[in-house]
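> Following this line is input-v2.cif, made up of mmCIF, C-alpha atoms:
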```
data_upload
#
loop_
_atom_site.label_atom_id
_atom_site.label_comp_id
_atom_site.auth_asym_id
_atom_site.auth_seq_id
_atom_site.Cartn_x
_atom_site.Cartn_y
_atom_site.Cartn_z
CA MET A 6 -43.75 -22.26 3.46
CA PRO A 7 -45.11 -21.10 0.07
CA THR A 8 -43.00 -18.86 -2.11
CA VAL A 9 -43.99 -15.21 -1.90
CA VAL A 10 -44.14 -13.82 -5.41
CA SER A 11 -43.93 -10.08 -5.78
CA ALA A 12 -45.91 -8.06 -8.27
CA VAL A 13 -44.62 -8.29 -11.81
CA SER A 14 -43.21 -5.09 -13.18
CA ASP A 15 -45.53 -3.40 -15.69
CA SER A 16 -42.56 -2.20 -17.73
CA GLN A 17 -40.25 -5.14 -18.05
CA THR A 18 -36.75 -5.12 -19.52
CA TYR A 19 -35.28 -8.08 -21.36
CA CYS A 20 -31.88 -8.83 -22.85
CA VAL A 21 -31.54 -11.23 -25.78
CA LEU A 22 -28.06 -12.50 -26.62
CA GLY A 23 -27.79 -13.91 -30.13
CA ALA A 24 -30.48 -11.65 -31.53
CA GLN A 25 -29.26 -12.35 -35.07
CA SER A 26 -30.12 -16.07 -34.82
CA ALA A 27 -33.46 -17.46 -35.98
CA ILE A 28 -34.89 -17.99 -32.49
CA GLY A 29 -33.14 -14.94 -31.04
CA ASN A 30 -34.70 -12.69 -33.67
CA ALA A 31 -38.11 -14.24 -33.05
CA TRP A 32 -37.68 -13.76 -29.30
CA VAL A 33 -36.91 -10.08 -29.79
CA GLN A 34 -40.01 -9.58 -31.94
CA ALA A 35 -42.28 -11.56 -29.59
CA LEU A 36 -41.07 -9.77 -26.47
CA ALA A 37 -41.37 -6.35 -28.06
CA ALA A 38 -45.00 -7.15 -28.92
CA ARG A 39 -45.87 -7.80 -25.28
CA PRO A 40 -47.56 -4.80 -23.61
CA GLU A 41 -45.83 -5.45 -20.28
CA VAL A 42 -42.37 -5.27 -21.89
CA GLY A 43 -40.94 -1.79 -22.15
CA THR A 44 -37.45 -2.44 -23.49
CA VAL A 45 -35.69 -5.28 -25.28
CA HIS A 46 -31.91 -5.07 -25.52
CA ALA A 47 -31.07 -7.09 -28.63
CA PHE A 48 -27.40 -8.07 -28.69
CA SER A 49 -25.71 -9.63 -31.70
CA ARG A 50 -22.25 -9.78 -33.17
CA SER A 51 -23.27 -7.36 -35.92
CA GLY A 52 -25.35 -5.02 -33.77
CA GLN A 53 -28.32 -5.79 -36.02
CA ALA A 54 -30.92 -3.03 -36.08
CA PHE A 55 -34.63 -3.59 -35.41
CA GLU A 56 -37.46 -1.29 -36.45
CA HIS A 57 -39.54 -1.72 -33.30
CA PRO A 58 -39.27 1.32 -30.98
CA LYS A 59 -38.96 -0.88 -27.89
CA VAL A 60 -35.85 -2.62 -29.21
CA GLN A 61 -32.40 -1.26 -28.45
CA PRO A 62 -29.72 -3.01 -30.54
CA GLY A 63 -26.26 -3.65 -29.19
CA THR A 64 -23.08 -5.51 -30.05
CA ALA A 65 -21.93 -8.58 -28.13
CA ASP A 66 -20.17 -11.83 -28.96
CA VAL A 67 -20.37 -14.75 -26.55
CA THR A 68 -16.84 -15.76 -27.53
CA ASP A 69 -15.50 -12.36 -26.44
CA GLU A 70 -15.83 -11.79 -22.70
CA GLU A 71 -14.92 -8.13 -22.90
CA SER A 72 -17.82 -7.52 -25.28
CA LEU A 73 -20.20 -9.21 -22.81
CA ARG A 74 -18.90 -7.11 -19.94
CA ALA A 75 -19.38 -3.95 -22.01
CA ALA A 76 -22.87 -5.04 -23.10
CA ALA A 77 -24.05 -5.64 -19.54
CA GLU A 78 -22.56 -2.34 -18.47
CA ALA A 79 -24.38 -0.58 -21.32
CA VAL A 80 -27.76 -1.94 -20.13
CA GLY A 81 -27.13 -0.39 -16.75
CA VAL A 82 -30.54 -1.16 -15.21
CA GLN A 83 -32.24 -4.13 -13.58
CA VAL A 84 -33.59 -6.64 -16.10
CA ASP A 85 -36.49 -9.06 -15.84
CA GLY A 86 -35.05 -11.59 -18.25
CA VAL A 87 -31.84 -12.64 -19.97
CA LEU A 88 -32.30 -15.02 -22.90
CA VAL A 89 -29.33 -16.64 -24.66
CA ALA A 90 -30.06 -17.80 -28.20
CA THR A 91 -26.55 -18.56 -29.42
CA GLY A 92 -25.35 -21.97 -30.49
CA ILE A 93 -23.29 -23.95 -32.98
CA LEU A 94 -23.66 -27.43 -34.45
CA HIS A 95 -21.66 -27.05 -37.65
CA GLU A 96 -19.44 -24.37 -39.13
CA GLY A 97 -18.16 -24.86 -42.66
CA ASP A 98 -15.83 -27.81 -43.09
CA SER A 99 -14.06 -27.21 -39.79
CA VAL A 100 -16.94 -28.16 -37.48
CA GLN A 101 -19.31 -31.01 -38.28
CA PRO A 102 -21.26 -33.39 -36.01
CA GLU A 103 -19.08 -36.46 -35.39
CA ARG A 104 -20.54 -39.83 -36.31
CA SER A 105 -17.67 -41.74 -34.73
CA VAL A 106 -14.93 -41.24 -32.16
CA ARG A 107 -12.40 -41.38 -34.99
CA HIS A 108 -13.85 -38.15 -36.37
CA LEU A 109 -13.09 -36.15 -33.22
CA GLU A 110 -10.80 -33.15 -33.73
CA GLU A 111 -9.45 -30.94 -30.98
CA GLN A 112 -10.15 -27.59 -32.62
CA ALA A 113 -13.75 -28.51 -33.44
CA LEU A 114 -14.37 -29.74 -29.89
CA VAL A 115 -12.99 -26.54 -28.42
CA ARG A 116 -15.01 -24.36 -30.81
CA VAL A 117 -18.33 -26.06 -30.02
CA LEU A 118 -17.72 -25.94 -26.27
CA GLN A 119 -16.63 -22.31 -26.50
CA VAL A 120 -19.87 -21.22 -28.18
CA ASN A 121 -22.38 -23.58 -26.57
CA THR A 122 -21.05 -23.78 -23.01
CA VAL A 123 -18.43 -21.16 -22.21
CA GLY A 124 -20.32 -18.35 -23.94
CA PRO A 125 -23.60 -18.70 -22.00
CA THR A 126 -21.58 -19.15 -18.80
CA LEU A 127 -19.90 -15.79 -19.35
CA VAL A 128 -23.29 -14.23 -20.09
CA LEU A 129 -24.37 -15.45 -16.65
CA LYS A 130 -21.27 -13.96 -15.08
CA HIS A 131 -21.81 -10.48 -16.47
CA PHE A 132 -25.63 -10.24 -16.68
CA ALA A 133 -26.66 -11.92 -13.41
CA PRO A 134 -25.75 -8.79 -11.40
CA LEU A 135 -28.50 -6.96 -13.32
CA LEU A 136 -31.24 -9.21 -11.91
CA PRO A 137 -33.66 -7.77 -9.32
CA ARG A 138 -33.90 -9.24 -5.84
CA ASP A 139 -37.51 -8.28 -5.17
CA ARG A 140 -39.37 -9.76 -8.13
CA ARG A 141 -39.45 -12.68 -10.52
CA CYS A 142 -36.66 -12.76 -13.06
CA VAL A 143 -35.54 -15.24 -15.71
CA VAL A 144 -32.25 -16.44 -17.14
CA ALA A 145 -32.68 -18.97 -19.94
CA ALA A 146 -30.35 -20.43 -22.56
CA LEU A 147 -31.07 -22.59 -25.56
CA SER A 148 -30.08 -26.14 -24.72
CA ALA A 149 -31.20 -29.38 -26.42
CA ARG A 150 -32.72 -32.74 -25.61
CA ILE A 151 -29.57 -34.22 -27.11
CA GLY A 152 -27.72 -32.92 -24.04
CA SER A 153 -29.57 -35.40 -21.82
CA ILE A 154 -27.14 -38.12 -20.71
CA SER A 155 -29.92 -40.50 -19.68
CA ASP A 156 -31.68 -40.07 -23.05
CA ASN A 157 -28.60 -40.78 -25.17
CA ARG A 158 -29.35 -44.03 -27.00
CA LEU A 159 -27.97 -43.27 -30.45
CA GLY A 160 -24.45 -42.01 -29.73
CA GLY A 161 -22.57 -39.73 -32.12
CA TRP A 162 -22.47 -35.94 -32.18
CA TYR A 163 -19.90 -35.95 -29.38
CA ALA A 164 -19.08 -32.25 -29.18
CA TYR A 165 -22.67 -31.01 -29.45
CA ARG A 166 -23.99 -33.51 -26.90
CA ALA A 167 -21.18 -32.74 -24.47
CA SER A 168 -21.55 -28.97 -24.85
CA LYS A 169 -25.27 -29.06 -24.09
CA ALA A 170 -24.86 -31.49 -21.19
CA ALA A 171 -22.21 -29.18 -19.74
CA LEU A 172 -24.47 -26.16 -20.29
CA ASN A 173 -27.26 -27.87 -18.38
CA MET A 174 -24.88 -28.45 -15.45
CA ILE A 175 -23.76 -24.81 -15.54
CA LEU A 176 -27.39 -23.65 -15.43
CA ARG A 177 -28.22 -26.05 -12.62
CA THR A 178 -25.24 -24.88 -10.58
CA ALA A 179 -26.01 -21.21 -11.23
CA SER A 180 -29.63 -21.72 -10.21
CA ILE A 181 -28.50 -22.84 -6.75
CA GLU A 182 -26.18 -19.89 -6.26
CA LEU A 183 -28.51 -17.24 -7.69
CA LYS A 184 -31.41 -18.44 -5.55
CA ARG A 185 -29.54 -17.19 -2.47
CA ARG A 186 -29.22 -13.65 -3.79
CA TYR A 187 -32.24 -13.52 -6.11
CA PRO A 188 -34.87 -15.71 -4.41
CA LEU A 189 -37.45 -15.29 -7.19
CA SER A 190 -35.05 -16.14 -10.00
CA LEU A 191 -35.68 -18.83 -12.60
CA VAL A 192 -32.60 -20.25 -14.35
CA VAL A 193 -33.34 -22.87 -17.01
CA GLY A 194 -32.25 -24.50 -20.23
CA LEU A 195 -34.73 -24.63 -23.12
CA HIS A 196 -35.11 -27.21 -25.87
CA PRO A 197 -36.73 -25.52 -28.90
CA GLY A 198 -37.43 -28.66 -30.92
CA THR A 199 -36.15 -28.82 -34.49
CA VAL A 200 -36.42 -25.32 -35.89
CA ASP A 201 -36.21 -24.30 -39.54
CA SER A 202 -32.91 -22.46 -39.29
CA PRO A 203 -29.37 -22.60 -40.69
CA LEU A 204 -28.38 -24.81 -37.73
CA SER A 205 -30.81 -27.58 -38.67
CA LEU A 206 -30.78 -27.10 -42.46
CA PRO A 207 -28.41 -29.99 -43.34
CA PHE A 208 -30.48 -32.43 -41.28
CA GLN A 209 -34.06 -31.45 -42.06
CA SER A 210 -34.70 -34.34 -44.44
CA SER A 211 -34.88 -36.73 -41.49
CA VAL A 212 -37.32 -34.61 -39.45
CA PRO A 213 -40.78 -36.23 -39.14
CA GLU A 214 -43.69 -34.42 -40.77
CA GLY A 215 -45.05 -31.68 -38.55
CA LYS A 216 -41.96 -31.59 -36.32
CA LEU A 217 -40.03 -28.87 -38.14
CA PHE A 218 -41.05 -25.65 -36.41
CA THR A 219 -40.81 -22.08 -37.61
CA PRO A 220 -38.62 -19.85 -35.42
CA GLU A 221 -41.69 -17.83 -34.48
CA TYR A 222 -43.62 -20.89 -33.33
CA SER A 223 -40.76 -22.23 -31.24
CA ALA A 224 -39.84 -18.85 -29.75
CA ASN A 225 -43.42 -18.15 -28.67
CA ALA A 226 -43.85 -21.68 -27.30
CA LEU A 227 -40.69 -21.28 -25.21
CA LEU A 228 -41.84 -17.91 -23.87
CA GLN A 229 -45.12 -19.50 -22.84
CA VAL A 230 -43.17 -22.24 -21.05
CA LEU A 231 -41.19 -19.58 -19.18
CA ASP A 232 -44.46 -17.83 -18.25
CA ARG A 233 -45.73 -21.03 -16.61
CA LEU A 234 -42.57 -22.00 -14.74
CA THR A 235 -42.01 -20.88 -11.16
CA PRO A 236 -38.82 -20.28 -9.16
CA GLU A 237 -39.24 -23.81 -7.80
CA ASP A 238 -38.58 -25.10 -11.35
CA SER A 239 -35.20 -23.35 -11.49
CA GLY A 240 -32.26 -25.49 -12.55
CA GLY A 241 -34.14 -27.70 -14.97
CA CYS A 242 -34.22 -28.05 -18.73
CA TYR A 243 -37.60 -27.79 -20.45
CA ALA A 244 -38.84 -28.51 -23.95
CA TRP A 245 -41.00 -26.29 -26.15
CA ASP A 246 -44.08 -28.28 -25.05
CA GLY A 247 -43.38 -27.71 -21.36
CA SER A 248 -42.09 -31.21 -20.59
CA ARG A 249 -39.03 -31.49 -18.36
CA ILE A 250 -35.98 -33.12 -19.91
CA GLU A 251 -34.16 -35.56 -17.67
CA PRO A 252 -30.42 -34.92 -17.09
#
```
Take the structure I supplied and represent it as structure tokens, if you would.


Amino acid sequence: MPTVVSAVSDSQTYCVLGAQSAIGNAWVQALAARPEVGTVHAFSRSGQAFEHPKVQPGTADVTDEESLRAAAEAVGVQVDGVLVATGILHEGDSVQPERSVRHLEEQALVRVLQVNTVGPTLVLKHFAPLLPRDRRCVVAALSARIGSISDNRLGGWYAYRASKAALNMILRTASIELKRRYPLSLVVGLHPGTVDSPLSLPFQSSVPEGKLFTPEYSANALLQVLDRLTPEDSGGCYAWDGSRIEP
């Protein structure tokens, strides 16, 4: 039986978590420019302000569950999309990608998993109840091709790989549960490619020519991917070019 897709709301509401990040900021701007979008709730740790009249700034930290609960409560209406743009690969001297198992440190592992896996999971917990049951809705979080277990041929970067692989499993599991309550929901991970941002800055010298994307390019490409996906695609992880990334 084909999926029955309801009419899309002509005044959509989106929530962006991590609006201060390079892609998060670009997502906010791109969504606000869409005529069908009426409101963008832009959450960041600092409560960063935006000049666009459609954008409502708010404060939320994915490492603080109480702040996520309060943020979702502040939205208070059904939302058409929840986009999570938070992530960590390095953080000063305390968190760096591990080249060898001997470089693993407990505190760094916990920190990366907390931001990259636990944080988006708690966003799901508190924002999923805002999804509508009668129309298409989207929950998406920035993942990475490096989280693919089957594609891992180089090794290294233990914490980051593990955190993204775990995130993909969380999203897959949530997609199954949410489908029962929100039949037109789409829950996916998104691989943005290598984006010119503070996260990739220390590693940009090894990026092939033409493969370092601006945040605006990647953010718009990912939104176009979401536009093309259907509820039947829920649970997968997709790259900026629309290709599906194997688990």

> A:Leu22, A:Leu206, A:Leu129, A:Val45: which is nearest Thr91 in chain A, counting all atoms listed in the file?

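Of A:Leu22, A:Leu206, A:Leu129, A:Val45, the one nearest Thr91 in chain A, counting all atoms listed in the file, is A:Leu22.
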
> Taking the file as shown, find all residues satisfying the PyMOL selection byres ((chain A and resi 30) around 10) and write them as a list in words.

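What the PyMOL selection byres ((chain A and resi 30) around 10) grabs from the file is Val21, Leu22, Gly23, Ala24, Gln25, Ser26, Ala27, Ile28, Gly29, Ala31, Trp32, Val33, Gln34, Ala35, Ala47, Phe48, Ser49, Gln53, Phe55, Ala90, Pro220, Glu221 and Ala224 of chain A.
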
> As a list in words, please: the residues near range 132-136 of chain A (cut-off 7 Å, only C-alpha atoms, same-chain neighbours under 6 positions excluded).

Ala77, Val82, Gln83, Val84, Asp85 and Cys142 of chain A

> Since I can't run it myself right now, could you work out what the PyMOL selection byres ((chain A and resi 180) around 8) selects here and report it as number ranges by chain?

A: 176-179, 181-184, 190-193, 239-240

> Atoms to include: C-alpha atoms. Write the selected residues as a PDB file, in the frame of the given file.


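Result saved to result-v7.pdb:
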```
ATOM      1  CA  LEU A 176     -27.390 -23.650 -15.430  1.00  0.00           C
ATOM      2  CA  ARG A 177     -28.220 -26.050 -12.620  1.00  0.00           C
ATOM      3  CA  THR A 178     -25.240 -24.880 -10.580  1.00  0.00           C
ATOM      4  CA  ALA A 179     -26.010 -21.210 -11.230  1.00  0.00           C
ATOM      5  CA  ILE A 181     -28.500 -22.840  -6.750  1.00  0.00           C
ATOM      6  CA  GLU A 182     -26.180 -19.890  -6.260  1.00  0.00           C
ATOM      7  CA  LEU A 183     -28.510 -17.240  -7.690  1.00  0.00           C
ATOM      8  CA  LYS A 184     -31.410 -18.440  -5.550  1.00  0.00           C
ATOM      9  CA  SER A 190     -35.050 -16.140 -10.000  1.00  0.00           C
ATOM     10  CA  LEU A 191     -35.680 -18.830 -12.600  1.00  0.00           C
ATOM     11  CA  VAL A 192     -32.600 -20.250 -14.350  1.00  0.00           C
ATOM     12  CA  VAL A 193     -33.340 -22.870 -17.010  1.00  0.00           C
ATOM     13  CA  SER A 239     -35.200 -23.350 -11.490  1.00  0.00           C
ATOM     14  CA  GLY A 240     -32.260 -25.490 -12.550  1.00  0.00           C
TER      15      GLY A 240
END
```

> Write out as an mmCIF file with C-alpha atoms, in the frame of the given file each polymer residue whose atoms come within 10 Å of Val128 in chain A, counting only C-alpha atoms; drop sequence neighbours fewer than 5 positions from it.


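Generated file (around_2.cif):
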```cif
data_model
loop_
_atom_site.group_PDB
_atom_site.id
_atom_site.type_symbol
_atom_site.label_atom_id
_atom_site.label_comp_id
_atom_site.auth_asym_id
_atom_site.auth_seq_id
_atom_site.Cartn_x
_atom_site.Cartn_y
_atom_site.Cartn_z
ATOM 1 C CA LEU A 22 -28.060 -12.500 -26.620
ATOM 2 C CA ALA A 65 -21.930 -8.580 -28.130
ATOM 3 C CA ASP A 66 -20.170 -11.830 -28.960
ATOM 4 C CA VAL A 67 -20.370 -14.750 -26.550
ATOM 5 C CA THR A 68 -16.840 -15.760 -27.530
ATOM 6 C CA GLU A 70 -15.830 -11.790 -22.700
ATOM 7 C CA LEU A 73 -20.200 -9.210 -22.810
ATOM 8 C CA ARG A 74 -18.900 -7.110 -19.940
ATOM 9 C CA ALA A 76 -22.870 -5.040 -23.100
ATOM 10 C CA ALA A 77 -24.050 -5.640 -19.540
ATOM 11 C CA VAL A 87 -31.840 -12.640 -19.970
ATOM 12 C CA LEU A 88 -32.300 -15.020 -22.900
ATOM 13 C CA VAL A 89 -29.330 -16.640 -24.660
ATOM 14 C CA VAL A 123 -18.430 -21.160 -22.210
ATOM 15 C CA ALA A 133 -26.660 -11.920 -13.410
ATOM 16 C CA VAL A 144 -32.250 -16.440 -17.140
ATOM 17 C CA ALA A 146 -30.350 -20.430 -22.560
#
```

> Quick one: residues within 12 Å of Gly215 in chain A, only C-alpha atoms, excluding same-chain residues fewer than 3 positions away - as a short mmCIF file (atom, residue, chain, number, x, y, z; two decimals) with C-alpha atoms, in the coordinates of the input?


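The resulting file, selection_2.cif, is reproduced below:
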```cif
data_model
loop_
_atom_site.label_atom_id
_atom_site.label_comp_id
_atom_site.auth_asym_id
_atom_site.auth_seq_id
_atom_site.Cartn_x
_atom_site.Cartn_y
_atom_site.Cartn_z
CA GLY A 198 -37.43 -28.66 -30.92
CA THR A 199 -36.15 -28.82 -34.49
CA VAL A 200 -36.42 -25.32 -35.89
CA ASP A 201 -36.21 -24.30 -39.54
CA GLN A 209 -34.06 -31.45 -42.06
CA SER A 211 -34.88 -36.73 -41.49
CA VAL A 212 -37.32 -34.61 -39.45
CA PHE A 218 -41.05 -25.65 -36.41
CA THR A 219 -40.81 -22.08 -37.61
#
```

> Can you tell me how far CA of Asp238 in chain A sits from CA of Leu195 in chain A, in Å to one decimal?

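Going from CA of Asp238 in chain A over to CA of Leu195 in chain A, I get 12.4 Å.
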
> Near Gly43 in chain A, within 9 Å and counting all atoms listed in the file, which residues show up once chain neighbours fewer than 3 positions away are dropped, as a VMD selection string?

chain A and resid 15 to 19 37 39 to 40 59 to 60

> Take every atom of range 154-163 of chain A listed in the file, pad by 5 Å on each side, and give me the axis-aligned box centre and edge lengths in Å, one decimal, as JSON.


```
{"center_x": -25.8, "center_y": -40.0, "center_z": -25.9, "size_x": 21.8, "size_y": 18.1, "size_z": 22.5}
```

> Any chance you could work out the residue set of the PyMOL selection byres ((chain A and resi 152) around 7) here, as a list in words?

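So the PyMOL selection byres ((chain A and resi 152) around 7), applied here, picks out Ala149, Arg150, Ile151, Ser153, Ile154, Arg166, Ala167, Lys169 and Ala170 of chain A.
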
> From (-33.4, -25.8, -21.8), in the file's coordinates, out to 6 Å: which residues are reached, counting only C-alpha atoms? Answer as an mmCIF file with C-alpha atoms, keeping the file's coordinate frame.


```cif
data_model
loop_
_atom_site.group_PDB
_atom_site.id
_atom_site.type_symbol
_atom_site.label_atom_id
_atom_site.label_comp_id
_atom_site.auth_asym_id
_atom_site.auth_seq_id
_atom_site.Cartn_x
_atom_site.Cartn_y
_atom_site.Cartn_z
ATOM 1 C CA LEU A 147 -31.070 -22.590 -25.560
ATOM 2 C CA SER A 148 -30.080 -26.140 -24.720
ATOM 3 C CA VAL A 193 -33.340 -22.870 -17.010
ATOM 4 C CA GLY A 194 -32.250 -24.500 -20.230
ATOM 5 C CA LEU A 195 -34.730 -24.630 -23.120
ATOM 6 C CA HIS A 196 -35.110 -27.210 -25.870
ATOM 7 C CA CYS A 242 -34.220 -28.050 -18.730
ATOM 8 C CA TYR A 243 -37.600 -27.790 -20.450
#
```

> Please determine, counting all atoms listed in the file, which residue among A:Leu94, A:Val100, A:Gly86, A:Arg185 has the shortest atom-to-atom distance to Arg138 in chain A.

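Looking at the shortest contact to Arg138 in chain A, the residue is A:Arg185.
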
> Can you work out the spacing between CA of Thr235 in chain A and CA of Ser155 in chain A in Å, to one decimal?

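CA of Ser155 in chain A lies at a distance of 24.6 Å from CA of Thr235 in chain A.
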
> Rank A:Gly52, A:Pro62, A:Ser210, A:Arg104 by their smallest atom-to-atom distance to Leu159 in chain A, using only C-alpha atoms, and report the top residue only.

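For Leu159 in chain A, the nearest of the given residues is A:Arg104.
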